[in-house]
Structures are given as C-alpha cells and as structure tokens.
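Structure first, then comments.
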Amino acid sequence: MASKLKQTQLRRKEQYEQKLKNRLALLSERKIDPARVDKDSLVKNLRANIEATDARLKAIAKIEQRTAELAKIKADKAEQAAALRKAPEAGKEKEKEKGKDKEAKKVPSEGKEKKKKKEAKES
C-alpha cells in the first residue's frame, strides 16, 4: 500500500504544510486577529492532518528500526551457525570417534550372511 510508504507520508505532510502556509497568509492578508485564526476550521483541519502524518511517520520509523534490529539478529545467528560449521579440530575428533564406533558395529554384521526369504507357497 502506498499510504504506508515513508515517501508518500512525507509528500502529504509537505502538501498540508503548504496549504496551511497559504491559508495563514490569506488570513493575515485579511487582517484577522490570531485568536480567530486559531479557531479557523481549515487551519484546525490542516494542523490535525499534519499531526496525524507525523504520527504515521513515527510509526514507520519504529517499524524500520525494528526491521533493522531483526536483520542484525539474523546476521549474528548466521555468523554463529557458520562458526559452528567450521568448528575447531576438537569437534572433528569427536566425529571421528563416533565414526569408529559405527565401524566397530558394522564389522560383526559383515561376517554374517543374510538369510534368504522363504518363497511364498504355491497352491
């Protein structure tokens, strides 16, 4: 959705600020006192829109920050996994010991012959 993009919100905020600036210029041209300017419905509406856009921009910034944190965490985990894969020789020795145990278990089974299955009785 384009409304959730930071660029879109920045553009909207600029538009609202420009409209507010134009409206304030118009009201000052008409020599309306500041108390009445604050009560002007268009001025109120534009200021509310600017505040709402600011709130959206803060939310977007928060999401971007969280995304960056998660990416960093993911990269750290990937580095740790890579480090575990390239474990020092101590880890390799353990694997060799496991391999020896498996070979020792296989030797007796190789000496025995496999039994042939009985053929199904024909009727």
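Chain identifiers are assigned as A, B, and so on, following the order in which chains appear in the structure tokens; residues are numbered from 1 within each chain, and ligands are numbered from 1 in order of appearance.
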For stretch 44-57 of chain A, list every protein, DNA or RNA residue within 12 Å, evaluated using only C-alpha atoms, and leave out those in the same chain fewer than 3 positions away; present the list as a PyMOL selection string.
-> chain A and resi 3-24+36-41+60-64
Mind pulling up the distance from atom CA of A:Ala81 to atom CA of A:Arg66?
->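 That distance, rounded to one decimal, is 22.5 Å.
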Atom CA of A:Lys58 to atom CA of A:Ala71, distance in Å rounded to a single decimal =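 So the answer is 19.9 Å.
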When distances are computed from only C-alpha atoms, which of A:Ile73, A:Leu27, A:Ala87, A:Met1 shows the smallest separation from A:Leu42?
->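 Nearest to A:Leu42: A:Leu27.
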